[in-house]
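Colleague: Sharing query-v2.txt here; it has compact mmCIF, C-alpha atoms.
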```txt
# COMPACT_ATOMS: atom_id res chain seq x y z
CA MET A 1 -109.96 134.81 -184.08
CA ARG A 2 -107.12 136.31 -186.10
CA PHE A 3 -106.47 136.15 -189.81
CA PRO A 4 -103.05 135.27 -191.27
CA LEU A 5 -100.62 137.90 -192.46
CA ARG A 6 -100.53 138.55 -196.17
CA PRO A 7 -97.05 138.57 -197.76
CA GLU A 8 -96.89 142.36 -198.12
CA GLN A 9 -97.58 142.72 -194.39
CA LYS A 10 -94.72 140.63 -193.11
CA ALA A 11 -91.85 142.99 -193.86
CA SER A 12 -93.60 146.03 -192.41
CA CYS A 13 -94.62 144.16 -189.27
CA LYS A 14 -91.02 143.15 -188.63
CA GLU A 15 -90.11 146.82 -188.62
CA GLU A 16 -93.08 148.10 -186.64
CA ASN A 17 -95.48 145.97 -184.60
CA MET A 18 -97.00 148.74 -182.48
CA LEU A 19 -100.59 147.84 -183.40
CA ASP A 20 -100.15 144.08 -183.55
CA ASN A 21 -102.57 142.27 -181.23
CA LYS A 22 -104.03 145.63 -180.13
CA THR A 23 -107.64 146.77 -180.08
CA ILE A 24 -108.28 150.11 -181.79
CA LEU A 25 -111.55 152.06 -181.69
CA ILE A 26 -112.36 154.84 -184.16
CA THR A 27 -115.17 157.26 -183.36
CA GLY A 28 -116.83 158.44 -186.55
CA GLY A 29 -115.25 155.37 -188.06
CA THR A 30 -117.44 155.20 -191.17
CA GLY A 31 -116.17 158.58 -192.41
CA SER A 32 -113.47 158.99 -195.03
CA PHE A 33 -110.67 159.09 -192.46
CA GLY A 34 -112.02 156.12 -190.51
CA LYS A 35 -112.26 153.93 -193.59
CA SER A 36 -108.81 154.92 -194.81
CA PHE A 37 -107.25 154.42 -191.37
CA THR A 38 -108.89 151.00 -191.03
CA ARG A 39 -107.59 149.83 -194.40
CA TYR A 40 -104.11 151.15 -193.61
CA VAL A 41 -103.99 149.28 -190.28
CA LEU A 42 -105.30 146.06 -191.84
CA LYS A 43 -102.64 146.27 -194.56
CA HIS A 44 -99.63 147.11 -192.37
CA TYR A 45 -100.41 145.55 -188.98
CA HIS A 46 -102.02 142.56 -187.35
CA PRO A 47 -104.60 144.06 -184.94
CA LYS A 48 -106.62 142.06 -182.48
CA LYS A 49 -109.76 144.12 -183.13
CA ILE A 50 -110.80 147.31 -184.91
CA ILE A 51 -114.01 148.79 -183.54
CA ILE A 52 -116.01 151.18 -185.71
CA TYR A 53 -118.08 153.48 -183.50
CA SER A 54 -120.60 155.67 -185.32
CA ARG A 55 -124.26 156.66 -185.57
CA ASP A 56 -125.06 155.59 -189.11
CA GLU A 57 -126.18 151.98 -189.40
CA TYR A 58 -126.27 152.08 -193.21
CA LYS A 59 -122.69 153.31 -193.50
CA GLN A 60 -121.65 150.56 -191.10
CA PHE A 61 -123.49 148.02 -193.26
CA VAL A 62 -121.68 149.28 -196.37
CA MET A 63 -118.30 149.23 -194.63
CA GLN A 64 -118.95 145.75 -193.27
CA ASN A 65 -119.59 144.46 -196.80
CA GLU A 66 -116.50 146.22 -198.15
CA LEU A 67 -114.32 144.56 -195.50
CA LYS A 68 -115.88 141.08 -195.46
CA GLU A 69 -112.51 139.34 -195.61
CA TYR A 70 -111.53 140.99 -192.32
CA ALA A 71 -114.72 140.07 -190.46
CA PRO A 72 -112.84 138.18 -187.70
CA VAL A 73 -111.23 141.38 -186.42
CA MET A 74 -113.87 143.98 -187.29
CA ARG A 75 -116.55 145.15 -184.84
CA TYR A 76 -119.31 147.70 -185.46
CA PHE A 77 -120.87 149.68 -182.62
CA ILE A 78 -123.88 151.92 -183.17
CA GLY A 79 -123.37 154.85 -180.82
CA ASP A 80 -123.03 158.60 -180.45
CA VAL A 81 -120.15 160.43 -178.75
CA ARG A 82 -122.84 162.38 -176.89
CA ASP A 83 -123.65 159.14 -175.00
CA LYS A 84 -121.00 158.63 -172.32
CA ASP A 85 -122.43 155.32 -171.09
CA ARG A 86 -122.33 153.85 -174.56
CA LEU A 87 -118.77 155.08 -175.03
CA LYS A 88 -117.68 153.44 -171.78
CA ARG A 89 -119.19 150.15 -172.87
CA ALA A 90 -117.46 150.39 -176.26
CA PHE A 91 -114.09 151.35 -174.71
CA GLU A 92 -113.82 148.21 -172.57
CA GLY A 93 -110.71 146.29 -173.64
CA VAL A 94 -109.61 149.01 -176.08
CA ASP A 95 -105.92 149.98 -176.27
CA TYR A 96 -106.06 152.98 -178.62
CA VAL A 97 -108.85 155.43 -179.49
CA ILE A 98 -108.85 157.63 -182.59
CA HIS A 99 -111.43 160.38 -182.14
CA ALA A 100 -112.62 161.43 -185.60
CA ALA A 101 -116.32 162.03 -184.92
CA ALA A 102 -117.45 165.65 -185.33
CA LEU A 103 -119.97 167.93 -186.94
CA LYS A 104 -117.79 169.55 -189.62
CA GLN A 105 -119.93 171.49 -192.09
CA VAL A 106 -119.40 175.20 -191.37
CA PRO A 107 -122.90 176.40 -192.43
CA ALA A 108 -124.63 173.58 -190.54
CA CYS A 109 -122.70 174.41 -187.36
CA GLU A 110 -123.54 178.10 -187.71
CA TYR A 111 -127.24 177.32 -188.07
CA ASN A 112 -127.27 174.62 -185.37
CA PRO A 113 -124.78 175.89 -182.77
CA ASN A 114 -126.12 173.85 -179.88
CA GLU A 115 -125.80 170.65 -181.89
CA ALA A 116 -122.20 171.48 -182.81
CA ILE A 117 -121.41 172.13 -179.15
CA ARG A 118 -123.05 168.89 -178.02
CA THR A 119 -121.06 166.79 -180.48
CA ASN A 120 -117.74 168.61 -180.84
CA ILE A 121 -117.27 169.82 -177.24
CA ASN A 122 -119.46 167.67 -174.99
CA GLY A 123 -118.68 164.64 -177.13
CA ALA A 124 -114.95 165.30 -176.77
CA GLN A 125 -115.29 165.45 -172.99
CA ASN A 126 -117.28 162.20 -173.03
CA VAL A 127 -114.49 160.50 -175.00
CA ILE A 128 -111.96 161.75 -172.45
CA ASP A 129 -114.01 160.62 -169.45
CA ALA A 130 -114.73 157.21 -170.96
CA ALA A 131 -111.05 156.68 -171.78
CA LEU A 132 -110.01 157.67 -168.24
CA ASP A 133 -112.60 155.33 -166.73
CA THR A 134 -111.44 152.32 -168.74
CA ASN A 135 -107.98 150.98 -169.55
CA VAL A 136 -107.36 152.87 -172.78
CA LYS A 137 -103.65 153.58 -173.30
CA LYS A 138 -103.69 156.44 -175.81
CA VAL A 139 -106.22 158.77 -177.42
CA ILE A 140 -105.47 160.69 -180.60
CA ALA A 141 -107.99 163.40 -181.51
CA LEU A 142 -108.28 164.81 -185.02
CA SER A 143 -108.20 168.59 -185.20
CA THR A 144 -108.47 171.07 -188.08
CA ASP A 145 -106.87 174.24 -189.35
CA LYS A 146 -110.21 175.92 -188.56
CA ALA A 147 -109.45 175.53 -184.84
CA VAL A 148 -106.53 177.97 -185.28
CA ASN A 149 -107.66 181.58 -184.81
CA PRO A 150 -111.25 180.44 -185.46
CA VAL A 151 -113.62 182.64 -187.43
CA ASN A 152 -116.62 180.28 -187.37
CA LEU A 153 -118.44 178.18 -184.79
CA TYR A 154 -117.06 174.90 -186.10
CA GLY A 155 -113.52 176.19 -185.60
CA GLY A 156 -114.46 177.50 -182.16
CA THR A 157 -115.82 174.14 -181.03
CA LYS A 158 -112.73 172.35 -182.32
CA LEU A 159 -110.47 174.81 -180.51
CA VAL A 160 -112.26 173.98 -177.25
CA SER A 161 -112.03 170.27 -178.09
CA ASP A 162 -108.26 170.58 -178.63
CA LYS A 163 -107.86 172.33 -175.28
CA LEU A 164 -109.88 169.61 -173.55
CA PHE A 165 -107.69 166.83 -174.96
CA VAL A 166 -104.49 168.63 -173.96
CA ALA A 167 -105.78 169.23 -170.43
CA ALA A 168 -107.01 165.64 -170.13
CA ASN A 169 -103.43 164.61 -169.38
CA ALA A 170 -103.81 166.37 -166.02
CA TYR A 171 -106.37 163.79 -164.94
CA SER A 172 -104.51 160.61 -165.83
CA GLY A 173 -103.08 160.19 -162.31
CA THR A 174 -101.31 156.84 -162.11
CA LYS A 175 -103.08 155.53 -165.20
CA ASP A 176 -100.90 154.69 -168.21
CA ILE A 177 -102.80 156.91 -170.62
CA SER A 178 -102.00 159.92 -172.78
CA PHE A 179 -103.97 162.26 -175.03
CA ALA A 180 -102.62 164.05 -178.12
CA ILE A 181 -103.84 165.84 -181.23
CA VAL A 182 -103.27 165.64 -184.98
CA ARG A 183 -104.09 168.73 -187.05
CA TYR A 184 -104.56 169.13 -190.79
CA GLY A 185 -106.89 170.94 -193.19
CA ASN A 186 -109.28 169.72 -195.89
CA VAL A 187 -108.18 166.43 -197.41
CA ALA A 188 -107.81 166.46 -201.21
CA GLY A 189 -111.06 165.22 -202.73
CA SER A 190 -113.07 165.20 -199.50
CA ARG A 191 -116.80 165.95 -199.59
CA GLY A 192 -117.60 169.65 -199.59
CA SER A 193 -114.10 170.68 -200.68
CA ILE A 194 -113.13 172.45 -203.88
CA ILE A 195 -111.91 169.50 -205.98
CA PRO A 196 -115.29 167.71 -206.14
CA LEU A 197 -116.98 171.08 -206.73
CA PHE A 198 -114.80 171.78 -209.77
CA HIS A 199 -115.10 168.14 -210.90
CA ASN A 200 -118.90 168.28 -210.98
CA ILE A 201 -118.91 171.55 -212.93
CA ILE A 202 -116.46 170.14 -215.50
CA LYS A 203 -118.35 166.83 -215.73
CA ASN A 204 -121.54 168.74 -216.56
CA GLY A 205 -119.85 170.64 -219.37
CA GLY A 206 -118.99 173.86 -217.52
CA THR A 207 -116.22 176.05 -218.87
CA GLU A 208 -116.14 178.62 -216.05
CA LEU A 209 -115.02 177.81 -212.50
CA PRO A 210 -115.94 179.90 -209.44
CA ILE A 211 -113.12 181.24 -207.25
CA THR A 212 -114.03 182.91 -203.97
CA ASP A 213 -110.84 184.99 -204.01
CA MET A 214 -107.93 184.93 -206.47
CA ARG A 215 -105.47 185.18 -203.57
CA MET A 216 -106.78 182.07 -201.84
CA THR A 217 -104.31 179.29 -200.95
CA ARG A 218 -104.67 175.89 -199.33
CA PHE A 219 -102.45 173.08 -198.06
CA TRP A 220 -102.44 169.79 -199.98
CA ILE A 221 -102.75 166.62 -197.92
CA SER A 222 -103.96 163.21 -198.99
CA LEU A 223 -105.93 160.79 -196.83
CA THR A 224 -102.91 158.50 -196.64
CA GLU A 225 -100.73 161.34 -195.38
CA GLY A 226 -103.34 162.14 -192.74
CA VAL A 227 -103.45 158.51 -191.64
CA GLU A 228 -99.65 158.29 -191.46
CA LEU A 229 -99.55 161.36 -189.23
CA VAL A 230 -101.98 159.69 -186.83
CA ILE A 231 -99.80 156.56 -186.82
CA LYS A 232 -96.80 158.76 -185.96
CA ALA A 233 -98.73 160.36 -183.11
CA LEU A 234 -99.75 156.94 -181.78
CA ARG A 235 -96.13 155.86 -181.82
CA GLU A 236 -94.51 159.02 -180.41
CA ALA A 237 -96.98 161.07 -178.35
CA LYS A 238 -96.25 161.42 -174.65
CA GLY A 239 -99.27 163.62 -173.96
CA GLY A 240 -100.56 167.05 -174.99
CA GLU A 241 -98.71 167.43 -178.30
CA THR A 242 -100.25 168.68 -181.52
CA PHE A 243 -98.74 166.97 -184.58
CA ILE A 244 -98.76 168.85 -187.90
CA SER A 245 -97.41 167.53 -191.22
CA LYS A 246 -95.07 169.51 -193.46
CA ILE A 247 -97.06 169.65 -196.68
CA PRO A 248 -97.04 171.81 -199.81
CA SER A 249 -99.37 174.70 -200.59
CA PHE A 250 -101.22 175.51 -203.79
CA ARG A 251 -103.04 178.51 -205.18
CA VAL A 252 -106.71 177.84 -205.86
CA PRO A 253 -106.60 179.47 -209.34
CA ASP A 254 -103.74 177.07 -210.20
CA LEU A 255 -105.93 174.14 -209.16
CA ALA A 256 -108.65 175.39 -211.50
CA GLU A 257 -106.14 175.59 -214.36
CA ALA A 258 -104.85 172.09 -213.57
CA MET A 259 -108.37 170.63 -213.69
CA LEU A 260 -109.65 172.60 -216.70
CA PRO A 261 -106.86 174.15 -218.79
CA GLY A 262 -107.74 177.54 -220.23
CA CYS A 263 -110.92 177.83 -218.21
CA ARG A 264 -112.51 181.15 -217.30
CA LEU A 265 -112.44 182.07 -213.64
CA LYS A 266 -115.24 183.93 -211.91
CA GLU A 267 -114.42 185.59 -208.59
CA ILE A 268 -117.51 185.26 -206.40
CA GLY A 269 -116.26 186.64 -203.08
CA ILE A 270 -115.16 184.97 -199.87
CA ARG A 271 -117.90 183.11 -198.03
CA PRO A 272 -118.91 183.66 -194.38
CA GLY A 273 -116.56 181.79 -192.06
CA GLU A 274 -113.94 181.22 -194.76
CA LYS A 275 -110.27 182.22 -194.63
CA LEU A 276 -107.91 183.26 -197.40
CA HIS A 277 -105.22 180.92 -196.09
CA GLU A 278 -105.10 177.82 -193.90
CA ILE A 279 -103.10 178.30 -190.70
CA MET A 280 -101.70 175.36 -188.73
CA VAL A 281 -99.32 177.09 -186.30
CA THR A 282 -99.83 180.62 -184.97
CA THR A 283 -97.11 183.07 -183.96
CA GLU A 284 -98.29 182.63 -180.37
CA ASP A 285 -97.62 178.88 -180.65
CA SER A 286 -94.08 179.50 -181.91
CA PHE A 287 -92.76 179.55 -178.32
CA ASN A 288 -93.69 175.85 -177.97
CA THR A 289 -93.19 174.57 -181.52
CA TYR A 290 -90.38 172.32 -182.75
CA GLU A 291 -89.56 171.41 -186.32
CA TYR A 292 -88.69 167.86 -187.41
CA ASP A 293 -87.88 166.38 -190.82
CA LYS A 294 -91.46 165.87 -191.96
CA HIS A 295 -93.60 167.51 -189.30
CA TYR A 296 -93.99 170.10 -186.58
CA ILE A 297 -95.02 169.50 -183.00
CA VAL A 298 -96.67 172.13 -180.84
CA TYR A 299 -95.91 171.07 -177.28
CA PRO A 300 -98.30 171.91 -174.44
CA GLN A 301 -97.67 175.10 -172.50
CA MET A 302 -98.23 173.23 -169.24
CA VAL A 303 -96.91 169.76 -168.37
CA PHE A 304 -99.43 167.85 -166.30
CA ASN A 305 -97.65 164.60 -165.40
CA ASP A 306 -94.17 163.09 -165.31
CA ARG A 307 -94.81 160.97 -168.42
CA GLN A 308 -95.01 164.08 -170.61
CA VAL A 309 -91.30 164.15 -171.43
CA PRO A 310 -91.08 165.85 -174.82
CA ASP A 311 -88.77 164.71 -177.59
CA LEU A 312 -86.87 167.93 -178.17
CA SER A 313 -84.50 166.45 -180.75
CA GLY A 314 -86.03 168.72 -183.33
CA LYS A 315 -85.22 172.36 -183.97
CA LYS A 316 -87.14 175.00 -182.05
CA VAL A 317 -88.77 177.41 -184.49
CA GLU A 318 -87.97 181.09 -184.30
CA GLU A 319 -90.11 183.35 -182.17
CA GLY A 320 -92.91 184.74 -184.33
CA PHE A 321 -92.92 181.74 -186.70
CA SER A 322 -96.26 180.72 -188.18
CA TYR A 323 -97.19 177.91 -190.54
CA SER A 324 -99.66 179.15 -193.13
CA SER A 325 -100.56 177.99 -196.62
CA GLY A 326 -99.99 181.57 -197.77
CA THR A 327 -96.39 181.82 -196.56
CA ASN A 328 -95.30 178.21 -196.98
CA SER A 329 -91.87 177.46 -198.47
CA GLU A 330 -93.10 174.55 -200.63
CA TRP A 331 -95.56 175.11 -203.48
CA LEU A 332 -97.27 172.94 -206.06
CA SER A 333 -97.20 174.15 -209.66
CA VAL A 334 -100.04 173.56 -212.13
CA GLU A 335 -98.18 170.50 -213.46
CA ASP A 336 -97.58 169.21 -209.92
CA LEU A 337 -101.29 169.55 -209.22
CA ARG A 338 -102.20 167.65 -212.38
CA GLU A 339 -100.00 164.76 -211.31
CA ARG A 340 -101.44 164.68 -207.79
CA LEU A 341 -105.00 164.88 -209.07
CA LYS A 342 -104.45 161.52 -210.78
CA GLU A 343 -104.23 159.91 -207.34
CA VAL A 344 -107.28 161.64 -205.82
CA GLU A 345 -110.33 159.48 -205.15
CA LEU A 346 -113.46 161.59 -204.77
CA GLU A 347 -115.69 160.70 -201.83
CA LYS A 348 -119.06 159.32 -202.84
```
In structure tokens, what does this structure look like?
Modeller:
Amino acid sequence: MRFPLRPEQKASCKEENMLDNKTILITGGTGSFGKSFTRYVLKHYHPKKIIIYSRDEYKQFVMQNELKEYAPVMRYFIGDVRDKDRLKRAFEGVDYVIHAAALKQVPACEYNPNEAIRTNINGAQNVIDAALDTNVKKVIALSTDKAVNPVNLYGGTKLVSDKLFVAANAYSGTKDISFAIVRYGNVAGSRGSIIPLFHNIIKNGGTELPITDMRMTRFWISLTEGVELVIKALREAKGGETFISKIPSFRVPDLAEAMLPGCRLKEIGIRPGEKLHEIMVTTEDSFNTYEYDKHYIVYPQMVFNDRQVPDLSGKKVEEGFSYSSGTNSEWLSVEDLRERLKEVELEK
């Protein structure tokens, strides 16, 4: 059963029908990305089915109620990426898989390393194996800046996960399947990030905001921008690429000023496993990185099959190039941040 197109969908579908009549599965689909991606696809495309695969029955119940009008195309699978058999059952008839499931909290991963490994590494391999054993056409895995030169276990597990998805293209054989990666940092307003922390302090009448280090910078990316990068990867990936958006940087003290003008700042020291700056492309990756209008692509060092023909229409970056929030060419001022904060929806 399919629901009719709404008027605002018709124009976009004429231009791009890549996901029309396709079945998409999102691991970790009840998370902030999964919900945003689902709404984006329902607004701009006409999918056959969207399958939400996650462990939390309550979050699935909430999401199901939020998307009642789309019930004919929505499916909800209780399952864990640690369970390969369950993944294989869920992947039957699926065209595209978005792998967003992960243990992401740095302290929790440090304290429970085996659990992080089982989900972030073994789970990634299970997704790969299940996709290869079914008729999935493309898998896009979400990465993180913490996988670049990792300094904590979470970043280390995501680095291994990234390597597994790149190498998975070696095992596709004659199958029409490819694996690629999308990388970005903390999404503005996401749980555990600095915006909700400052918001709660201000809401409770605080006049002093804690800063781990006055030099600290971060990239700014919204959920919508993250979703659009995944859509780009679905459309363009041939296999093994890492897609990275060109996005502005901001200084954390400027964010504090934007949220609470004239506030006092208290420097509390950098936390274990935290970096001064987010890094998306290392100098070592510069040999395989190309720049495009709105993004970078890090191409794989090894090509594993004849379908991995890269689009080299972009400009190869200079040797030694790196993409860091601390050395970025585009910066948000305090006023810019105030304007962007108006659009941020804090995760509940």
Colleague: Separation of atom CA of A:Glu115 and atom CA of A:Gln64, in Å?
Modeller: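 So the two atoms, atom CA of A:Glu115 and atom CA of A:Gln64, lie 28.2 Å apart.
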Colleague: As a list of chain:residue names, please: the residues near A:Asp254 (cut-off 9 Å, all atoms listed in the file, same-chain neighbours under 2 positions excluded).
Modeller: A:Phe250, A:Arg251, A:Val252, A:Ala256, A:Glu257, A:Ala258, A:Met259, A:Leu332, A:Ser333, A:Val334, A:Leu337
Colleague: Which distance in Å separates atom CA of A:Ala101 and atom CA of A:Thr174, to one decimal?
Modeller: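 Between atom CA of A:Ala101 and atom CA of A:Thr174 the gap is 27.8 Å.
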Colleague: Any idea what the distance is between atom CA of A:Ala233 and atom CA of A:Leu312?
Modeller: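 Separation between atom CA of A:Ala233 and atom CA of A:Leu312: 14.9 Å.
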Colleague: Find the residues around A:Ile201 up to 12 Å (only C-alpha atoms counted), leave out those fewer than 4 positions away in its own chain, and share them as a PyMOL selection string.
Modeller: chain A and resi 194-197+205-210+256+259-260+263
Colleague: Of the candidates A:Asn122, A:Ser286, A:Ser329, A:Asn112, which one gets nearest to A:Lys158 if we count only C-alpha atoms?
Modeller: A:Asn122
Colleague: Within 12 Å of (-91.6, 165.6, -172.6) (coordinates as in the file), grab all the protein and nucleic acid residues, counting all atoms listed in the file, and write them out as an MDAnalysis selection string.
Modeller: chainID A and resid 178 236:241 288 297:313
Colleague: Residues within 9 Å of A:Leu164, please, as a PyMOL selection string. Count only C-alpha atoms; anything in the same chain fewer than 4 positions from it doesn't count.
Modeller: chain A and resi 121+124-125+128+159-160+168
Colleague: Could you take the residues named above and write them with C-alpha atoms, as an mmCIF file, in the coordinates of the input?
Modeller:
```cif
data_model
loop_
_atom_site.group_PDB
_atom_site.id
_atom_site.type_symbol
_atom_site.label_atom_id
_atom_site.label_comp_id
_atom_site.auth_asym_id
_atom_site.auth_seq_id
_atom_site.Cartn_x
_atom_site.Cartn_y
_atom_site.Cartn_z
ATOM 1 C CA ILE A 121 -117.270 169.820 -177.240
ATOM 2 C CA ALA A 124 -114.950 165.300 -176.770
ATOM 3 C CA GLN A 125 -115.290 165.450 -172.990
ATOM 4 C CA ILE A 128 -111.960 161.750 -172.450
ATOM 5 C CA LEU A 159 -110.470 174.810 -180.510
ATOM 6 C CA VAL A 160 -112.260 173.980 -177.250
ATOM 7 C CA ALA A 168 -107.010 165.640 -170.130
#
```
Colleague: Calculate, to one decimal in Å, the centre and edge lengths of the box along x, y and z of the file that holds all listed atoms of stretch 114-118 of chain A with 6 Å of margin on each side, and present them as JSON.
Modeller:
```
{"center_x": -123.8, "center_y": 171.4, "center_z": -180.4, "size_x": 16.7, "size_y": 17.0, "size_z": 16.8}
```
Colleague: Restricting the calculation to all atoms listed in the file: of A:Gly226, A:Gly93, A:Gly326, A:Gly28, which residue gets closest to A:Thr134?
Modeller: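 So, comparing all the options, the nearest one is A:Gly93.
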Colleague: Considering all atoms listed in the file, return as a PyMOL selection string whatever protein or nucleic-acid residues lie within 12 Å of A:Gly192, sequence-local ones (same chain, fewer than 5 positions apart) excluded.
Modeller: chain A and resi 104-107+186-187+197-200+346-348
Colleague: Can you tell me which residues surround A:Glu228 at a distance of at most 9 Å, considering all atoms listed in the file, apart from same-chain residues fewer than 4 positions away, and format the answer as a PDB file with C-alpha atoms, in the coordinates of the input?
Modeller:
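Now in part_34.pdb:
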```
ATOM      1  CA  PHE A  37    -107.250 154.420-191.370  1.00  0.00           C
ATOM      2  CA  TYR A  40    -104.110 151.150-193.610  1.00  0.00           C
ATOM      3  CA  LEU A 223    -105.930 160.790-196.830  1.00  0.00           C
ATOM      4  CA  THR A 224    -102.910 158.500-196.640  1.00  0.00           C
ATOM      5  CA  LYS A 232     -96.800 158.760-185.960  1.00  0.00           C
ATOM      6  CA  ALA A 233     -98.730 160.360-183.110  1.00  0.00           C
TER       7      ALA A 233
END
```
Colleague: I'd like a table as JSON lines: residues in stretch 64-128 of chain A with an atom no more than 8 Å from stretch 138-150 of chain A, each row giving the shortest atom pair and its distance in Å to one decimal, all atoms listed in the file counted, sorted by chain and rising residue number.
Modeller:
```
{"residue": "A:Asp95", "atom": "CA", "partner": "A:Lys138", "partner_atom": "CA", "distance": 6.8}
{"residue": "A:Tyr96", "atom": "CA", "partner": "A:Lys138", "partner_atom": "CA", "distance": 5.0}
{"residue": "A:Val97", "atom": "CA", "partner": "A:Val139", "partner_atom": "CA", "distance": 4.7}
{"residue": "A:Ile98", "atom": "CA", "partner": "A:Ile140", "partner_atom": "CA", "distance": 5.0}
{"residue": "A:His99", "atom": "CA", "partner": "A:Ala141", "partner_atom": "CA", "distance": 4.6}
{"residue": "A:Ala100", "atom": "CA", "partner": "A:Leu142", "partner_atom": "CA", "distance": 5.5}
```
Colleague: Taking C-alpha atoms for each residue, export the selection above as a CSV table (one decimal), in the coordinates of the input.
Modeller:
```
chain,number,residue,atom,x,y,z
A,95,ASP,CA,-105.9,150.0,-176.3
A,96,TYR,CA,-106.1,153.0,-178.6
A,97,VAL,CA,-108.8,155.4,-179.5
A,98,ILE,CA,-108.8,157.6,-182.6
A,99,HIS,CA,-111.4,160.4,-182.1
A,100,ALA,CA,-112.6,161.4,-185.6
```
Colleague: Calculated over only C-alpha atoms, which of the candidates A:Val230, A:Ala90, A:Met216, A:Val81 has the smallest distance to A:Tyr184?
Modeller: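 Selected residue with least distance to A:Tyr184: A:Val230.
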Colleague: Find, counting all atoms listed in the file, the residue in A:Val166, A:Val227, A:Met63, A:Ile279 that gets nearest to A:Ser249.
Modeller: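 Looking at the shortest contact to A:Ser249, the residue is A:Ile279.
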Colleague: Identify which of the residues A:Glu57, A:Asn126, A:Tyr111, A:Thr242 lies closest to A:Lys163, counting all atoms listed in the file when measuring atom-to-atom distances.
Modeller: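 Closest residue, counting all atoms listed in the file: A:Thr242.
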Colleague: In terms of the shortest atom-to-atom distance over all atoms listed in the file, which of A:Arg338, A:Arg75, A:Arg183, A:Arg86 is closest to A:Lys49?
Modeller: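 Closest to A:Lys49 of all the choices is A:Arg75.
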Colleague: Counting all atoms listed in the file, which residues come within 8 Å of (-110.4, 158.5, -163.0), with the point read in the file's coordinates, and could you list them as a tab-separated table (two decimals) with C-alpha atoms, in the coordinates of the input?
Modeller:
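Once written, out.tsv looks like this:
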```tsv
chain	number	residue	atom	x	y	z
A	129	ASP	CA	-114.01	160.62	-169.45
A	132	LEU	CA	-110.01	157.67	-168.24
A	133	ASP	CA	-112.60	155.33	-166.73
A	171	TYR	CA	-106.37	163.79	-164.94
A	172	SER	CA	-104.51	160.61	-165.83
A	173	GLY	CA	-103.08	160.19	-162.31
```
